[in-house]
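Just query27.cif here, mmCIF, C-alpha atoms:
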data_entry
#
loop_
_atom_site.label_atom_id
_atom_site.label_comp_id
_atom_site.auth_asym_id
_atom_site.auth_seq_id
_atom_site.Cartn_x
_atom_site.Cartn_y
_atom_site.Cartn_z
CA MET G 189 -29.06 -60.56 -34.28
CA PHE G 190 -32.59 -61.88 -34.05
CA PRO G 191 -33.02 -65.64 -34.64
CA VAL G 192 -34.58 -66.27 -38.04
CA SER G 193 -35.94 -69.39 -39.68
CA LEU G 194 -36.61 -68.82 -43.36
CA THR G 195 -38.51 -71.50 -45.26
CA PRO G 196 -40.32 -71.67 -48.61
CA GLY G 197 -43.51 -69.63 -48.50
CA CYS G 198 -42.41 -67.52 -45.52
CA LEU G 199 -41.85 -64.33 -47.54
CA SER G 200 -44.79 -62.23 -48.72
CA ARG G 201 -44.57 -59.22 -51.01
CA GLU G 202 -45.32 -55.77 -49.64
CA ARG G 203 -45.60 -52.34 -51.28
CA ASP G 204 -42.67 -51.57 -53.57
CA LEU G 205 -40.11 -49.00 -52.45
CA GLN G 206 -39.62 -45.96 -54.71
CA VAL G 207 -36.00 -45.21 -55.66
CA ILE G 208 -36.70 -42.12 -57.80
CA SER G 209 -37.83 -38.60 -57.02
CA PRO G 210 -40.82 -37.02 -58.81
CA GLY G 211 -40.00 -36.30 -62.46
CA GLU G 212 -37.13 -38.79 -62.73
CA GLY G 213 -37.04 -41.77 -65.04
CA GLY G 214 -35.68 -45.24 -64.36
CA ILE G 215 -32.28 -45.60 -62.70
CA GLU G 216 -29.84 -48.45 -62.10
CA ILE G 217 -29.53 -49.61 -58.50
CA PHE G 218 -26.22 -51.40 -58.02
CA ASP G 219 -26.35 -52.18 -54.28
CA ILE G 220 -28.51 -51.95 -51.16
CA ALA G 221 -27.57 -51.45 -47.49
CA VAL G 222 -30.16 -51.40 -44.70
CA VAL G 223 -29.45 -48.55 -42.27
CA SER G 224 -32.43 -49.17 -39.96
CA SER G 225 -35.94 -50.57 -40.01
CA SER G 226 -37.07 -47.36 -41.75
CA ARG G 227 -34.05 -46.29 -43.83
CA VAL G 228 -32.36 -47.99 -46.78
CA LEU G 229 -29.22 -46.77 -48.57
CA VAL G 230 -28.68 -47.52 -52.27
CA THR G 231 -25.94 -46.86 -54.81
CA GLU G 232 -27.44 -45.39 -57.98
CA TYR G 233 -25.26 -45.78 -61.05
CA THR G 234 -27.13 -43.76 -63.69
CA ASN G 235 -26.69 -40.32 -62.09
CA SER G 236 -23.72 -41.09 -59.81
CA THR G 237 -25.61 -40.68 -56.55
CA VAL G 238 -26.15 -42.44 -53.24
CA ARG G 239 -29.77 -42.31 -52.09
CA LEU G 240 -31.42 -42.71 -48.71
CA LEU G 241 -34.90 -44.18 -48.90
CA ASP G 242 -37.77 -44.13 -46.40
CA SER G 243 -38.83 -47.76 -46.36
CA GLN G 244 -42.01 -46.98 -44.45
CA GLY G 245 -43.13 -43.96 -46.46
CA GLY G 246 -41.81 -45.46 -49.68
CA LYS G 247 -39.91 -42.44 -51.01
CA VAL G 248 -36.47 -40.85 -51.45
CA VAL G 249 -35.48 -38.65 -48.49
CA SER G 250 -31.92 -37.70 -49.47
CA LYS G 251 -29.59 -37.81 -52.49
CA LEU G 252 -25.82 -37.28 -52.45
CA PRO G 253 -23.96 -36.68 -55.75
CA LEU G 254 -20.59 -38.43 -56.06
CA SER G 255 -17.55 -37.75 -58.22
CA SER G 256 -17.93 -41.06 -60.05
CA ARG G 257 -20.48 -43.81 -60.52
CA PRO G 258 -20.86 -45.85 -57.32
CA ILE G 259 -20.88 -49.64 -57.43
CA ARG G 260 -21.19 -51.36 -54.01
CA VAL G 261 -21.81 -50.10 -50.48
CA CYS G 262 -21.42 -51.40 -46.93
CA LEU G 263 -22.30 -49.87 -43.55
CA LEU G 264 -19.68 -49.20 -40.90
CA ARG G 265 -20.24 -49.09 -37.14
CA ASP G 266 -19.38 -45.40 -36.76
CA GLY G 267 -22.37 -43.96 -38.61
CA ARG G 268 -20.66 -44.08 -41.98
CA ALA G 269 -20.92 -46.09 -45.18
CA ALA G 270 -18.16 -47.08 -47.60
CA VAL G 271 -18.83 -46.92 -51.35
CA THR G 272 -16.66 -48.30 -54.15
CA LEU G 273 -15.92 -45.98 -57.08
CA LEU G 274 -14.62 -48.30 -59.77
CA ASP G 275 -13.70 -45.64 -62.34
CA GLN G 276 -11.55 -43.74 -59.84
CA LYS G 277 -10.00 -46.75 -58.05
CA ARG G 278 -11.25 -45.28 -54.81
CA ILE G 279 -13.42 -45.89 -51.77
CA GLN G 280 -15.58 -42.96 -50.71
CA PHE G 281 -16.73 -42.78 -47.09
CA ILE G 282 -20.15 -41.23 -46.48
CA ARG G 283 -21.71 -40.01 -43.25
CA VAL G 284 -25.31 -41.01 -42.58
CA ASP G 285 -26.76 -38.64 -39.97
CA GLY G 286 -30.52 -39.06 -39.66
CA ASP G 287 -31.87 -38.13 -43.08
CA THR G 288 -28.70 -36.30 -44.12
CA LEU G 289 -25.94 -37.77 -46.31
CA SER G 290 -22.56 -36.05 -46.55
CA LEU G 291 -19.14 -36.79 -47.97
CA ASP G 292 -16.36 -37.86 -45.63
CA GLU G 293 -12.78 -38.79 -46.50
CA SER G 294 -11.79 -41.15 -49.31
CA ILE G 295 -8.93 -43.58 -49.87
CA ASP G 296 -7.27 -44.84 -53.04
CA VAL G 297 -7.02 -48.59 -53.67
CA ASN G 298 -4.98 -50.87 -55.92
CA GLY G 299 -7.20 -51.20 -58.97
CA ASP G 300 -10.75 -51.24 -60.28
CA VAL G 301 -12.55 -52.07 -57.05
CA ILE G 302 -16.07 -53.50 -57.14
CA GLY G 303 -17.21 -55.49 -54.09
CA ILE G 304 -16.92 -54.32 -50.50
CA ALA G 305 -17.83 -55.56 -47.03
CA VAL G 306 -16.69 -54.79 -43.49
CA SER G 307 -15.34 -57.47 -41.15
CA ASN G 308 -13.49 -57.01 -37.85
CA ASN G 309 -12.99 -53.30 -38.55
CA HIS G 310 -11.33 -54.03 -41.90
CA LEU G 311 -12.66 -53.73 -45.44
CA ILE G 312 -12.83 -56.75 -47.74
CA LEU G 313 -12.55 -55.82 -51.43
CA SER G 314 -12.93 -57.56 -54.78
CA TYR G 315 -11.45 -56.21 -58.00
CA ASN G 316 -12.98 -56.03 -61.46
CA TYR G 317 -12.31 -59.09 -63.65
CA THR G 318 -9.00 -59.90 -61.94
CA GLY G 319 -10.31 -62.34 -59.34
CA ARG G 320 -8.21 -60.58 -56.72
CA LEU G 321 -9.42 -60.07 -53.16
CA GLU G 322 -7.93 -57.80 -50.50
CA LYS G 323 -8.35 -57.12 -46.82
CA ILE G 324 -7.39 -53.55 -45.92
CA THR G 325 -7.48 -51.22 -42.94
CA MET G 326 -9.82 -48.23 -42.89
CA GLU G 327 -6.79 -46.14 -43.86
CA GLY G 328 -6.15 -48.26 -46.96
CA ARG G 329 -3.22 -50.43 -45.83
CA VAL G 330 -3.35 -53.93 -47.32
CA THR G 331 -3.09 -56.70 -44.71
CA HIS G 332 -4.04 -59.75 -46.79
CA GLN G 333 -4.38 -60.59 -50.48
CA LEU G 334 -5.81 -63.52 -52.40
CA HIS G 335 -5.30 -63.95 -56.13
CA LYS G 336 -7.55 -66.08 -58.28
CA HIS G 337 -4.68 -68.41 -59.23
CA THR G 338 -3.50 -70.07 -56.03
CA ALA G 339 -1.78 -73.43 -55.57
CA GLY G 340 -2.02 -74.10 -59.31
CA ARG G 341 -5.78 -73.75 -59.58
CA GLU G 342 -8.23 -70.99 -60.37
CA LEU G 343 -10.23 -70.03 -57.29
CA PHE G 344 -12.36 -67.29 -58.85
CA LYS G 345 -13.37 -65.80 -62.16
CA TYR G 346 -15.65 -62.85 -61.40
CA PRO G 347 -16.05 -62.44 -57.62
CA GLU G 348 -18.16 -59.38 -56.89
CA PHE G 349 -20.67 -59.20 -54.05
CA ILE G 350 -19.34 -59.74 -50.52
CA THR G 351 -20.95 -60.12 -47.10
CA SER G 352 -19.69 -61.11 -43.65
CA SER G 353 -21.21 -62.84 -40.64
CA HIS G 354 -20.94 -61.89 -36.98
CA ASP G 355 -18.64 -64.84 -36.29
CA GLY G 356 -16.03 -63.53 -38.73
CA ASN G 357 -16.69 -65.55 -41.88
CA ILE G 358 -16.62 -63.83 -45.27
CA PHE G 359 -18.81 -64.90 -48.21
CA ILE G 360 -18.32 -63.99 -51.88
CA THR G 361 -20.45 -64.71 -54.94
CA ASP G 362 -18.70 -65.56 -58.20
CA HIS G 363 -20.95 -65.42 -61.26
CA GLY G 364 -18.14 -66.79 -63.44
CA THR G 365 -18.17 -70.13 -61.63
CA ASN G 366 -21.75 -70.06 -60.23
CA THR G 367 -20.37 -70.50 -56.71
CA ILE G 368 -20.38 -68.93 -53.26
CA SER G 369 -17.09 -69.12 -51.35
CA GLN G 370 -16.61 -68.92 -47.60
CA LEU G 371 -13.32 -67.37 -46.45
CA ASP G 372 -11.71 -66.83 -43.07
CA GLN G 373 -10.11 -63.65 -41.77
CA ASN G 374 -6.84 -64.50 -43.56
CA LEU G 375 -8.72 -64.72 -46.89
CA GLN G 376 -8.26 -68.47 -47.03
CA VAL G 377 -11.08 -70.39 -48.71
CA VAL G 378 -12.84 -72.58 -46.14
CA GLN G 379 -15.49 -74.10 -48.38
CA THR G 380 -17.35 -73.50 -51.63
CA PHE G 381 -21.08 -73.89 -52.31
CA THR G 382 -22.96 -74.49 -55.55
CA SER G 383 -26.35 -75.74 -56.70
CA PRO G 384 -28.08 -76.51 -60.02
CA MET G 385 -30.74 -74.00 -58.90
CA LEU G 386 -28.22 -71.14 -58.78
CA LYS G 387 -27.16 -69.42 -62.00
CA PHE G 388 -25.15 -66.17 -62.13
CA PRO G 389 -25.09 -65.48 -58.36
CA VAL G 390 -24.79 -61.80 -57.51
CA GLY G 391 -26.23 -60.04 -54.43
CA ILE G 392 -25.72 -61.80 -51.09
CA VAL G 393 -26.72 -60.90 -47.52
CA THR G 394 -26.21 -62.49 -44.11
CA VAL G 395 -29.33 -63.48 -42.18
CA SER G 396 -27.51 -65.34 -39.39
CA ASN G 397 -24.11 -66.96 -38.87
CA THR G 398 -25.31 -70.01 -40.80
CA GLN G 399 -27.95 -68.58 -43.16
CA LEU G 400 -27.39 -66.44 -46.24
CA LEU G 401 -29.67 -65.15 -48.97
CA VAL G 402 -28.31 -65.00 -52.51
CA ALA G 403 -29.75 -63.66 -55.76
CA GLY G 404 -29.57 -65.88 -58.84
CA ASN G 405 -29.69 -63.39 -61.72
CA ASP G 406 -30.01 -65.95 -64.53
CA SER G 407 -32.02 -68.46 -62.48
CA HIS G 408 -34.47 -65.69 -61.48
CA ASN G 409 -34.67 -66.69 -57.83
CA ILE G 410 -33.64 -65.90 -54.28
CA LEU G 411 -32.05 -68.86 -52.52
CA MET G 412 -31.28 -69.49 -48.87
CA LEU G 413 -27.90 -71.11 -48.23
CA ASP G 414 -27.45 -73.13 -45.04
CA THR G 415 -23.69 -73.14 -44.50
CA THR G 416 -23.82 -76.01 -42.00
CA THR G 417 -25.18 -78.43 -44.60
CA GLY G 418 -24.34 -76.66 -47.87
CA SER G 419 -27.96 -76.97 -48.98
CA MET G 420 -29.75 -74.23 -50.94
CA THR G 421 -33.50 -73.69 -50.76
CA SER G 422 -35.55 -71.57 -53.15
CA LEU G 423 -37.48 -68.88 -51.23
CA LEU G 424 -38.62 -66.65 -54.09
CA LYS G 425 -38.91 -67.19 -57.84
CA GLN G 426 -40.47 -65.60 -60.92
CA THR G 427 -44.02 -66.24 -59.74
CA GLU G 428 -43.26 -64.02 -56.72
CA GLY G 429 -41.97 -61.17 -58.88
CA ILE G 430 -38.31 -62.19 -59.15
CA GLN G 431 -36.93 -61.44 -62.61
CA ASP G 432 -33.17 -60.76 -63.01
CA PRO G 433 -32.55 -60.07 -59.29
CA PHE G 434 -29.32 -58.23 -58.61
CA ALA G 435 -28.85 -56.47 -55.25
CA LEU G 436 -30.16 -57.60 -51.87
CA GLY G 437 -30.70 -55.97 -48.48
CA TRP G 438 -31.92 -57.63 -45.27
CA CYS G 439 -33.28 -55.94 -42.14
CA PRO G 440 -32.96 -58.18 -39.04
CA VAL G 441 -35.31 -55.95 -37.02
CA SER G 442 -38.29 -55.75 -39.39
CA ARG G 443 -37.35 -59.10 -41.02
CA LYS G 444 -37.76 -57.56 -44.46
CA LEU G 445 -35.91 -58.40 -47.67
CA TYR G 446 -35.19 -55.72 -50.28
CA VAL G 447 -34.54 -56.82 -53.87
CA GLY G 448 -33.10 -54.60 -56.60
CA PHE G 449 -33.09 -55.72 -60.23
CA GLY G 450 -30.78 -55.43 -63.21
CA GLY G 451 -31.37 -52.61 -65.70
CA LYS G 452 -33.24 -49.36 -65.11
CA ASN G 453 -36.05 -49.44 -62.57
CA THR G 454 -38.15 -47.08 -60.47
CA THR G 455 -38.77 -49.36 -57.49
CA ILE G 456 -37.25 -52.03 -55.24
CA ASN G 457 -39.29 -55.09 -54.29
CA VAL G 458 -39.97 -55.56 -50.57
CA TYR G 459 -40.80 -58.90 -48.91
CA SER G 460 -41.60 -59.52 -45.24
CA SER G 461 -41.15 -62.82 -43.42
CA LYS G 462 -44.01 -64.39 -41.54
#
Let me see the structure of the file written as structure tokens.
Amino acid sequence: MFPVSLTPGCLSRERDLQVISPGEGGIEIFDIAVVSSSRVLVTEYTNSTVRLLDSQGGKVVSKLPLSSRPIRVCLLRDGRAAVTLLDQKRIQFIRVDGDTLSLDESIDVNGDVIGIAVSNNHLILSYNYTGRLEKITMEGRVTHQLHKHTAGRELFKYPEFITSSHDGNIFITDHGTNTISQLDQNLQVVQTFTSPMLKFPVGIVTVSNTQLLVAGNDSHNILMLDTTTGSMTSLLKQTEGIQDPFALGWCPVSRKLYVGFGGKNTTINVYSSK
């Protein structure tokens, strides 16, 4: 991973990225995964599709219909992506081959799954409104669980978006408690982060082992979290086009940030770091 130092004023807005094909209206983008410096994968809720976008040409290059509305997505190392299908209690694997998307196998899971991330060749899952987290194999076998009520206290309310770092740490946003939690590979909470600047945290991406970007949906900002100090710094706010941010994607090669917003939209905001 390329070393990155993100500071206030380092991100500048570029041309927006189209998420619709000609003739379509607004759609709801629920998650973003960066495939390469020129390709971005998004889950599109309105029409139950996954879309591959050309981030350089600014258009849709491929659409794959799914059997249910997709929620979150993460990239795997074998040329596939994993998508959560909440309504069907299922994870759908998708092959990404150049500009072609195709269905692969799927696995059933233990409830209304929302969040997903990959860590050490396992999937980390969060479940809708239960506060439950799971670590499972690619075949669907549960290896670890964490419930929101542990040791007599409530750890989570609405944990949703998940990301992982190269050194094995797992990070989860919880918009019910306005916190970000860091977990280890056994799903034990290592530390929790919060800030008055962060309200309704949703999308989260790893920039380095110690730097994360998180979207504050109600605070209308993108914050950088330094996990070594626990400090949060505002990188983007409403004056830079941030209104109800929801999903985030980060490209370590091009050093570009992709921001999707709540509600129906036709574009994703793109920011490049200086």
Pick out the closest residue to G:Ser290 from this set: G:Ser307, G:Lys452, G:Leu240, G:Leu375. Count all atoms listed in the file.
G:Leu240
Using all atoms listed in the file, the shortest atom-to-atom distance to G:Phe218 among G:Gly197, G:Gly404, G:Gly391, G:Gly245 belongs to G:Gly391
Evaluate the PyMOL selection byres ((chain G and resi 381) around 10) and report residues as a tab-separated table (two decimals) with C-alpha atoms, keeping the file's coordinate frame:
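Produced file selection.tsv, reproduced below:
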chain	number	residue	atom	x	y	z
G	361	THR	CA	-20.45	-64.71	-54.94
G	366	ASN	CA	-21.75	-70.06	-60.23
G	367	THR	CA	-20.37	-70.50	-56.71
G	368	ILE	CA	-20.38	-68.93	-53.26
G	369	SER	CA	-17.09	-69.12	-51.35
G	370	GLN	CA	-16.61	-68.92	-47.60
G	379	GLN	CA	-15.49	-74.10	-48.38
G	380	THR	CA	-17.35	-73.50	-51.63
G	382	THR	CA	-22.96	-74.49	-55.55
G	383	SER	CA	-26.35	-75.74	-56.70
G	413	LEU	CA	-27.90	-71.11	-48.23
G	414	ASP	CA	-27.45	-73.13	-45.04
G	415	THR	CA	-23.69	-73.14	-44.50
G	417	THR	CA	-25.18	-78.43	-44.60
G	418	GLY	CA	-24.34	-76.66	-47.87
G	419	SER	CA	-27.96	-76.97	-48.98
G	420	MET	CA	-29.75	-74.23	-50.94
Result set, the PyMOL selection byres ((chain G and resi 336) around 12) on current file, as a ChimeraX atom specification:
/G:314-322,333-335,337-347,362,364-365,375-377
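Taking only C-alpha atoms into account, G:Ser353 lies nearest to G:Thr394 out of the set G:Asn298, G:Thr394, G:Asn405, G:Gln244.
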Applying 12 Å and only C-alpha atoms, which residues near G:Ser396 remain after dropping the ones on its own chain fewer than 3 positions away? List them as a ChimeraX atom specification.
/G:189-194,351-357,393,399-401,412-416,438-440,443
Resulting file, chosen residues, C-alpha atoms, as a PDB file, in the frame of the given file:
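Full text of selection_18.pdb as output:
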ATOM      1  CA  MET G 189     -29.060 -60.560 -34.280  1.00  0.00           C
ATOM      2  CA  PHE G 190     -32.590 -61.880 -34.050  1.00  0.00           C
ATOM      3  CA  PRO G 191     -33.020 -65.640 -34.640  1.00  0.00           C
ATOM      4  CA  VAL G 192     -34.580 -66.270 -38.040  1.00  0.00           C
ATOM      5  CA  SER G 193     -35.940 -69.390 -39.680  1.00  0.00           C
ATOM      6  CA  LEU G 194     -36.610 -68.820 -43.360  1.00  0.00           C
ATOM      7  CA  THR G 351     -20.950 -60.120 -47.100  1.00  0.00           C
ATOM      8  CA  SER G 352     -19.690 -61.110 -43.650  1.00  0.00           C
ATOM      9  CA  SER G 353     -21.210 -62.840 -40.640  1.00  0.00           C
ATOM     10  CA  HIS G 354     -20.940 -61.890 -36.980  1.00  0.00           C
ATOM     11  CA  ASP G 355     -18.640 -64.840 -36.290  1.00  0.00           C
ATOM     12  CA  GLY G 356     -16.030 -63.530 -38.730  1.00  0.00           C
ATOM     13  CA  ASN G 357     -16.690 -65.550 -41.880  1.00  0.00           C
ATOM     14  CA  VAL G 393     -26.720 -60.900 -47.520  1.00  0.00           C
ATOM     15  CA  GLN G 399     -27.950 -68.580 -43.160  1.00  0.00           C
ATOM     16  CA  LEU G 400     -27.390 -66.440 -46.240  1.00  0.00           C
ATOM     17  CA  LEU G 401     -29.670 -65.150 -48.970  1.00  0.00           C
ATOM     18  CA  MET G 412     -31.280 -69.490 -48.870  1.00  0.00           C
ATOM     19  CA  LEU G 413     -27.900 -71.110 -48.230  1.00  0.00           C
ATOM     20  CA  ASP G 414     -27.450 -73.130 -45.040  1.00  0.00           C
ATOM     21  CA  THR G 415     -23.690 -73.140 -44.500  1.00  0.00           C
ATOM     22  CA  THR G 416     -23.820 -76.010 -42.000  1.00  0.00           C
ATOM     23  CA  TRP G 438     -31.920 -57.630 -45.270  1.00  0.00           C
ATOM     24  CA  CYS G 439     -33.280 -55.940 -42.140  1.00  0.00           C
ATOM     25  CA  PRO G 440     -32.960 -58.180 -39.040  1.00  0.00           C
ATOM     26  CA  ARG G 443     -37.350 -59.100 -41.020  1.00  0.00           C
TER      27      ARG G 443
END
Specify as a PyMOL selection string each residue included when the PyMOL selection byres ((chain G and resi 331) around 12) is applied to this file.
chain G and resi 310-313+321-330+332-334+373-375
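A straight line drawn from atom CA of G:Leu199 to atom CA of G:Glu428 is 9.3 Å long.
Put simply, atom CA of G:Asp287 is 13.4 Å away from atom CA of G:Ser225.
In this comparison, which uses all atoms listed in the file, the residue of G:Leu289, G:Val390, G:Val222, G:Leu274 approaching G:Val301 most closely is G:Leu274.
Shortest separation to G:Phe388 among G:Ile358, G:Thr421, G:Phe349, G:Lys247 occurs at residue G:Phe349, atoms counted being all atoms listed in the file.
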Find the residues near G:Asp296: any atom within 7 Å, counting only C-alpha atoms, skip ones fewer than 6 places away on the same chain, and give them as a list in words.
Lys277, Arg278 and Ile279 of chain G
Draw an axis-aligned box over all listed atoms of stretch 323-330 of chain G, pad each side with 8 Å, and write its centre and edge lengths in Å, one decimal, as AutoDock Vina command-line options.
--center_x -6.5 --center_y -51.6 --center_z -45.1 --size_x 22.6 --size_y 27.0 --size_z 20.4
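Atom CA of G:Ile392 lies 15.6 Å from atom CA of G:Leu229.
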Which residues are near G:Val447? Cut-off 8 Å, only C-alpha atoms, ignore same chain within fewer than 3 positions. Put them as a ChimeraX atom specification.
/G:433-437,456-458
